[in-house]
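Containing mmCIF, C-alpha atoms: protein27.cif.
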data_final
loop_
_atom_site.group_PDB
_atom_site.id
_atom_site.type_symbol
_atom_site.label_atom_id
_atom_site.label_comp_id
_atom_site.auth_asym_id
_atom_site.auth_seq_id
_atom_site.Cartn_x
_atom_site.Cartn_y
_atom_site.Cartn_z
ATOM 1 C CA MET A 1 3.250 -87.290 201.356
ATOM 2 C CA LYS A 2 1.960 -87.507 197.804
ATOM 3 C CA SER A 3 0.583 -84.353 196.232
ATOM 4 C CA ILE A 4 -2.190 -83.681 193.729
ATOM 5 C CA THR A 5 -2.210 -80.614 191.474
ATOM 6 C CA ILE A 6 -5.450 -78.687 190.986
ATOM 7 C CA ASN A 7 -5.500 -76.166 188.139
ATOM 8 C CA GLY A 8 -8.053 -73.430 188.765
ATOM 9 C CA SER A 9 -9.144 -69.886 188.035
ATOM 10 C CA GLN A 10 -9.490 -67.106 190.562
ATOM 11 C CA ARG A 11 -13.085 -65.994 191.074
ATOM 12 C CA GLU A 12 -13.955 -62.352 190.515
ATOM 13 C CA SER A 13 -17.461 -62.626 191.960
ATOM 14 C CA VAL A 14 -18.458 -64.728 194.966
ATOM 15 C CA GLY A 15 -22.189 -64.091 195.095
ATOM 16 C CA LYS A 16 -24.906 -66.785 194.915
ATOM 17 C CA LYS A 17 -25.704 -66.044 191.268
ATOM 18 C CA ALA A 18 -22.064 -66.369 190.196
ATOM 19 C CA THR A 19 -21.629 -69.533 192.273
ATOM 20 C CA LYS A 20 -24.687 -71.132 190.680
ATOM 21 C CA ALA A 21 -23.384 -70.271 187.220
ATOM 22 C CA LEU A 22 -20.062 -71.936 188.038
ATOM 23 C CA ARG A 23 -21.764 -75.144 189.162
ATOM 24 C CA ASN A 24 -23.927 -75.205 186.048
ATOM 25 C CA ALA A 25 -20.718 -75.013 184.009
ATOM 26 C CA GLY A 26 -19.227 -78.040 185.812
ATOM 27 C CA GLN A 27 -16.981 -75.960 188.052
ATOM 28 C CA VAL A 28 -16.584 -76.263 191.833
ATOM 29 C CA PRO A 29 -16.323 -73.027 193.855
ATOM 30 C CA CYS A 30 -13.464 -73.186 196.385
ATOM 31 C CA VAL A 31 -11.892 -71.032 199.073
ATOM 32 C CA LEU A 32 -8.294 -71.209 200.311
ATOM 33 C CA TYR A 33 -7.822 -70.117 203.935
ATOM 34 C CA GLY A 34 -4.747 -69.760 206.125
ATOM 35 C CA GLY A 35 -2.932 -66.949 204.304
ATOM 36 C CA ASP A 36 -3.220 -63.188 204.728
ATOM 37 C CA ASN A 37 -6.561 -63.177 202.897
ATOM 38 C CA PRO A 38 -8.925 -65.890 201.647
ATOM 39 C CA VAL A 39 -8.404 -66.856 198.005
ATOM 40 C CA HIS A 40 -11.587 -67.613 196.047
ATOM 41 C CA PHE A 41 -11.170 -69.830 192.995
ATOM 42 C CA SER A 42 -12.895 -72.543 190.981
ATOM 43 C CA ALA A 43 -11.790 -75.708 189.197
ATOM 44 C CA PRO A 44 -13.476 -78.440 187.088
ATOM 45 C CA GLU A 45 -15.330 -81.013 189.190
ATOM 46 C CA LEU A 46 -13.390 -83.866 187.557
ATOM 47 C CA ALA A 47 -10.126 -82.342 188.825
ATOM 48 C CA PHE A 48 -11.045 -83.362 192.389
ATOM 49 C CA SER A 49 -11.786 -87.057 191.764
ATOM 50 C CA LYS A 50 -8.347 -88.322 192.870
ATOM 51 C CA LEU A 51 -8.448 -86.081 195.934
ATOM 52 C CA VAL A 52 -11.982 -86.687 197.178
ATOM 53 C CA TYR A 53 -12.896 -90.224 196.149
ATOM 54 C CA THR A 54 -9.972 -92.009 197.774
ATOM 55 C CA PRO A 55 -9.132 -93.279 201.278
ATOM 56 C CA ASN A 56 -5.575 -91.946 200.921
ATOM 57 C CA ALA A 57 -4.346 -88.648 202.320
ATOM 58 C CA HIS A 58 -2.812 -86.065 199.986
ATOM 59 C CA THR A 59 -1.532 -82.540 200.007
ATOM 60 C CA VAL A 60 -2.637 -80.256 197.181
ATOM 61 C CA VAL A 61 -0.809 -77.853 194.890
ATOM 62 C CA ILE A 62 -3.304 -75.228 193.742
ATOM 63 C CA THR A 63 -2.166 -73.566 190.519
ATOM 64 C CA LEU A 64 -4.143 -70.549 189.353
ATOM 65 C CA GLU A 65 -4.172 -68.801 185.996
ATOM 66 C CA GLY A 66 -1.392 -66.257 186.038
ATOM 67 C CA GLY A 67 1.098 -68.592 187.716
ATOM 68 C CA GLU A 68 0.206 -68.285 191.413
ATOM 69 C CA THR A 69 0.661 -71.554 193.319
ATOM 70 C CA PHE A 70 -0.297 -72.537 196.847
ATOM 71 C CA ASN A 71 0.423 -75.655 198.888
ATOM 72 C CA ALA A 72 -2.661 -76.745 200.803
ATOM 73 C CA VAL A 73 -4.735 -79.543 202.339
ATOM 74 C CA LEU A 74 -8.431 -80.200 201.977
ATOM 75 C CA GLN A 75 -10.229 -78.839 205.038
ATOM 76 C CA ASP A 76 -13.947 -79.249 204.320
ATOM 77 C CA ILE A 77 -16.177 -80.403 201.485
ATOM 78 C CA GLN A 78 -19.914 -80.073 200.845
ATOM 79 C CA PHE A 79 -21.918 -82.512 198.703
ATOM 80 C CA HIS A 80 -25.378 -82.175 197.200
ATOM 81 C CA PRO A 81 -27.755 -84.176 199.466
ATOM 82 C CA VAL A 82 -29.438 -85.916 196.502
ATOM 83 C CA THR A 83 -26.922 -86.125 193.653
ATOM 84 C CA ASP A 84 -23.716 -86.260 195.767
ATOM 85 C CA ARG A 85 -22.107 -83.760 193.417
ATOM 86 C CA ILE A 86 -19.444 -81.553 194.975
ATOM 87 C CA LEU A 87 -20.930 -78.178 195.895
ATOM 88 C CA HIS A 88 -18.041 -76.420 197.634
ATOM 89 C CA ILE A 89 -14.535 -77.129 198.946
ATOM 90 C CA ASP A 90 -12.469 -75.315 201.577
ATOM 91 C CA PHE A 91 -8.687 -75.642 201.566
ATOM 92 C CA TYR A 92 -6.132 -74.620 204.175
ATOM 93 C CA GLN A 93 -2.780 -73.213 203.063
ATOM 94 C CA LEU A 94 0.414 -74.969 204.138
ATOM 95 C CA PHE A 95 3.635 -73.296 205.237
ATOM 96 C CA GLU A 96 6.927 -75.169 205.666
ATOM 97 C CA ASP A 97 7.488 -73.887 209.217
ATOM 98 C CA LYS A 98 3.915 -74.328 210.534
ATOM 99 C CA GLU A 99 2.523 -77.630 211.792
ATOM 100 C CA ILE A 100 -0.761 -78.879 210.371
ATOM 101 C CA SER A 101 -3.293 -81.453 211.633
ATOM 102 C CA LEU A 102 -4.550 -84.050 209.182
ATOM 103 C CA ASN A 103 -6.375 -87.396 209.238
ATOM 104 C CA ILE A 104 -3.946 -90.100 208.100
ATOM 105 C CA PRO A 105 -5.114 -93.595 207.056
ATOM 106 C CA ILE A 106 -3.920 -96.696 208.909
ATOM 107 C CA ASN A 107 -2.279 -99.428 206.826
ATOM 108 C CA VAL A 108 -2.439 -102.816 208.599
ATOM 109 C CA VAL A 109 0.227 -105.309 207.506
ATOM 110 C CA GLY A 110 1.248 -108.821 208.565
ATOM 111 C CA ASN A 111 -0.597 -111.980 209.554
ATOM 112 C CA SER A 112 -1.521 -112.179 213.216
ATOM 113 C CA LYS A 113 -0.871 -115.461 215.012
ATOM 114 C CA GLY A 114 -3.972 -114.873 217.089
ATOM 115 C CA VAL A 115 -6.170 -114.380 214.010
ATOM 116 C CA LYS A 116 -4.786 -117.605 212.480
ATOM 117 C CA ASN A 117 -5.906 -119.399 215.634
ATOM 118 C CA GLY A 118 -9.468 -118.101 215.351
ATOM 119 C CA GLY A 119 -9.192 -114.747 217.117
ATOM 120 C CA VAL A 120 -10.984 -111.676 215.760
ATOM 121 C CA LEU A 121 -9.040 -108.562 214.729
ATOM 122 C CA ARG A 122 -10.634 -105.393 216.087
ATOM 123 C CA ARG A 123 -9.771 -102.053 214.450
ATOM 124 C CA PRO A 124 -11.514 -99.112 216.140
ATOM 125 C CA TYR A 125 -9.791 -96.584 213.845
ATOM 126 C CA ARG A 126 -9.370 -96.425 210.073
ATOM 127 C CA LYS A 127 -7.599 -93.063 210.312
ATOM 128 C CA LEU A 128 -5.670 -91.194 213.001
ATOM 129 C CA ARG A 129 -5.404 -87.437 213.486
ATOM 130 C CA VAL A 130 -1.759 -86.429 213.134
ATOM 131 C CA LYS A 131 0.044 -83.132 213.720
ATOM 132 C CA ALA A 132 3.323 -82.409 211.932
ATOM 133 C CA LEU A 133 5.243 -80.070 209.688
ATOM 134 C CA PRO A 134 4.101 -80.541 206.061
ATOM 135 C CA ALA A 135 7.364 -82.279 205.117
ATOM 136 C CA ASN A 136 6.864 -84.870 207.884
ATOM 137 C CA LEU A 137 3.266 -85.820 207.123
ATOM 138 C CA PRO A 138 3.156 -89.561 206.336
ATOM 139 C CA ASP A 139 1.138 -91.099 203.484
ATOM 140 C CA PHE A 140 -0.139 -93.637 206.000
ATOM 141 C CA ILE A 141 0.597 -95.079 209.445
ATOM 142 C CA GLU A 142 1.749 -98.690 209.222
ATOM 143 C CA VAL A 143 0.573 -101.098 211.907
ATOM 144 C CA ASP A 144 2.204 -104.545 211.900
ATOM 145 C CA ILE A 145 -0.115 -107.076 213.559
ATOM 146 C CA THR A 146 2.196 -110.089 213.016
ATOM 147 C CA PRO A 147 3.226 -110.530 216.695
ATOM 148 C CA LEU A 148 -0.307 -110.204 218.085
ATOM 149 C CA LYS A 149 -1.630 -113.283 219.888
ATOM 150 C CA ILE A 150 -5.145 -113.589 221.248
ATOM 151 C CA GLY A 151 -5.609 -110.857 223.854
ATOM 152 C CA ASP A 152 -2.721 -108.709 222.575
ATOM 153 C CA LYS A 153 -3.205 -105.135 221.356
ATOM 154 C CA ILE A 154 -1.405 -102.162 219.838
ATOM 155 C CA ASN A 155 -2.026 -98.723 221.358
ATOM 156 C CA VAL A 156 -1.533 -95.220 219.977
ATOM 157 C CA GLY A 157 1.504 -94.851 222.242
ATOM 158 C CA ASP A 158 3.210 -97.712 220.404
ATOM 159 C CA LEU A 159 3.022 -95.719 217.147
ATOM 160 C CA GLN A 160 4.308 -92.315 218.293
ATOM 161 C CA ASN A 161 7.602 -91.108 216.783
ATOM 162 C CA ASP A 162 9.794 -88.020 216.441
ATOM 163 C CA LYS A 163 8.431 -86.874 213.053
ATOM 164 C CA TYR A 164 4.795 -86.399 213.993
ATOM 165 C CA THR A 165 2.412 -86.476 216.940
ATOM 166 C CA ILE A 166 -0.728 -88.606 216.933
ATOM 167 C CA LEU A 167 -3.499 -86.536 218.491
ATOM 168 C CA HIS A 168 -5.213 -89.344 220.393
ATOM 169 C CA PRO A 169 -4.573 -90.580 223.954
ATOM 170 C CA ASP A 170 -1.641 -93.009 224.081
ATOM 171 C CA ASN A 171 -3.778 -95.734 225.650
ATOM 172 C CA ASN A 172 -6.348 -95.756 222.820
ATOM 173 C CA VAL A 173 -6.409 -99.156 221.099
ATOM 174 C CA VAL A 174 -5.563 -99.174 217.376
ATOM 175 C CA ALA A 175 -5.574 -102.956 216.823
ATOM 176 C CA GLN A 176 -6.499 -105.847 219.091
ATOM 177 C CA VAL A 177 -6.999 -109.594 218.646
ATOM 178 C CA ARG A 178 -9.974 -110.730 220.685
ATOM 179 C CA THR A 179 -10.972 -114.287 221.459
ATOM 180 C CA SER A 180 -13.954 -116.000 219.842
ATOM 181 C CA ARG A 181 -15.888 -119.259 220.185
ATOM 182 C CA THR A 182 -13.763 -120.865 217.482
ATOM 183 C CA ALA A 183 -10.420 -119.656 218.876
ATOM 184 C CA VAL A 184 -7.768 -122.193 219.857
ATOM 185 C CA VAL A 185 -4.742 -121.856 222.118
ATOM 186 C CA ASP A 186 -1.791 -120.172 220.394
ATOM 187 C CA ASP A 187 1.029 -122.547 219.446
ATOM 188 C CA GLU A 188 3.506 -120.856 221.768
ATOM 189 C CA ASP A 189 1.066 -121.197 224.655
ATOM 190 C CA GLU A 190 0.679 -124.911 223.895
ATOM 191 C CA ASP A 191 4.467 -125.329 223.885
ATOM 192 C CA GLU A 192 4.741 -123.538 227.222
ATOM 193 C CA GLU A 193 2.024 -125.752 228.709
ATOM 194 C CA ALA A 194 3.779 -128.878 227.428
ATOM 195 C CA VAL A 195 7.056 -127.777 228.997
ATOM 196 C CA ALA A 196 5.295 -127.048 232.267
ATOM 197 C CA GLU A 197 3.568 -130.457 232.244
ATOM 198 C CA GLY A 198 6.878 -132.144 231.446
ATOM 199 C CA ALA A 199 8.505 -130.483 234.427
ATOM 200 C CA GLU A 200 5.628 -131.409 236.739
ATOM 201 C CA ALA A 201 5.649 -135.133 235.789
ATOM 202 C CA PRO A 202 9.066 -136.034 237.285
ATOM 203 C CA ALA A 203 8.221 -134.077 240.402
ATOM 204 C CA ALA A 204 4.978 -136.019 240.811
ATOM 205 C CA GLU A 205 6.783 -139.348 240.303
ATOM 206 C CA ALA A 206 9.398 -138.403 242.900
ATOM 207 C CA ALA A 207 6.668 -137.499 245.365
ATOM 208 C CA GLN A 208 5.023 -140.944 244.861
ATOM 209 C CA GLU A 209 8.305 -142.740 245.563
#

Would you encode the structure as structure tokens?
Amino acid sequence: MKSITINGSQRESVGKKATKALRNAGQVPCVLYGGDNPVHFSAPELAFSKLVYTPNAHTVVITLEGGETFNAVLQDIQFHPVTDRILHIDFYQLFEDKEISLNIPINVVGNSKGVKNGGVLRRPYRKLRVKALPANLPDFIEVDITPLKIGDKINVGDLQNDKYTILHPDNNVVAQVRTSRTAVVDDEDEDEEAVAEGAEAPAAEAAQE
């Protein structure tokens, strides 16, 4: 998974007055959890743009003055209700031998035969919750809809693998092609019907004789 580096400074004071002063200076107060003790730090608001304002999932390398570095993931973020400015961010520290849960975006690829014939692609999820060791976290989960005909679907169970576990029931639908008023019969179905009709014709003629 791709990583973003955040350069910050450890906070000496964590009171309301100090926090307000940080925000007025264009800094975002942050807390890193998951280690022996919480780490309070701040970083420029612009430093979080590639992490927050994107549909992609990333891990984070937090580098503090003095050389301390931490691998982490974004856990929670608070925005101002009027201005949408970032007010506070919580991070969770990563360890190589400990699994972590993270929302991973779904990347749909391919051209569905059912959609070409007028079916409607239904996507109940844009992201899936995944549990894995940090090294096995994917950038995205690829879903190939090419083979889907009208009525076909792809479930969570079809996407499970050995590197990570998707934390949704296996029978949950991830992609499905549903029929519509403008839908037509898939080409393969038409071919099958033609073959069936061709086989029935001689039998009917024999019966008439």

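If you measure from each of A:Asn161, A:Asn7, A:Gln176, A:Ser13 to Gly66 in chain A using all atoms listed in the file, the closest one turns out to be A:Asn7.
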
Residues matched by the PyMOL selection byres ((chain A and resi 110) around 9), written as a PyMOL selection string:
chain A and resi 108-109+111-112+143-147

Can you translate the PyMOL selection byres ((chain A and resi 118-123) around 9) into the concrete residues it hits in this file, as a ChimeraX atom specification?
/A:112-117,124-126,149-151,173-184

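Near (-5.0, -88.0, 196.9), the residues that fall inside 12 Å on the basis of all atoms listed in the file are Met1, Lys2, Ser3, Ile4, Thr5, Ile6, Ala47, Phe48, Ser49, Lys50, Leu51, Val52, Tyr53, Thr54, Pro55, Asn56, Ala57, His58, Thr59, Val60, Val61, Val73, Leu74, Ile104, Pro105, Asp139 and Phe140 of chain A.
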
So, counting only C-alpha atoms, which residue among A:Thr63, A:Asn24, A:Ser101, A:Gln10 is closest to Arg85 in chain A?
A:Asn24

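Taken over the whole file, the PyMOL selection byres ((chain A and resi 134) around 10) covers exactly Met1, Thr59, Asn71, Ala72, Val73, Leu94, Phe95, Glu96, Asp97, Lys98, Glu99, Ile100, Ser101, Leu102, Lys131, Ala132, Leu133, Ala135, Asn136, Leu137, Pro138 and Tyr164 of chain A.
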
Which residue is closest to Val39 in chain A? Choose from A:Lys17, A:Gly67, A:Tyr92, A:Ile86 and count only C-alpha atoms.
A:Tyr92
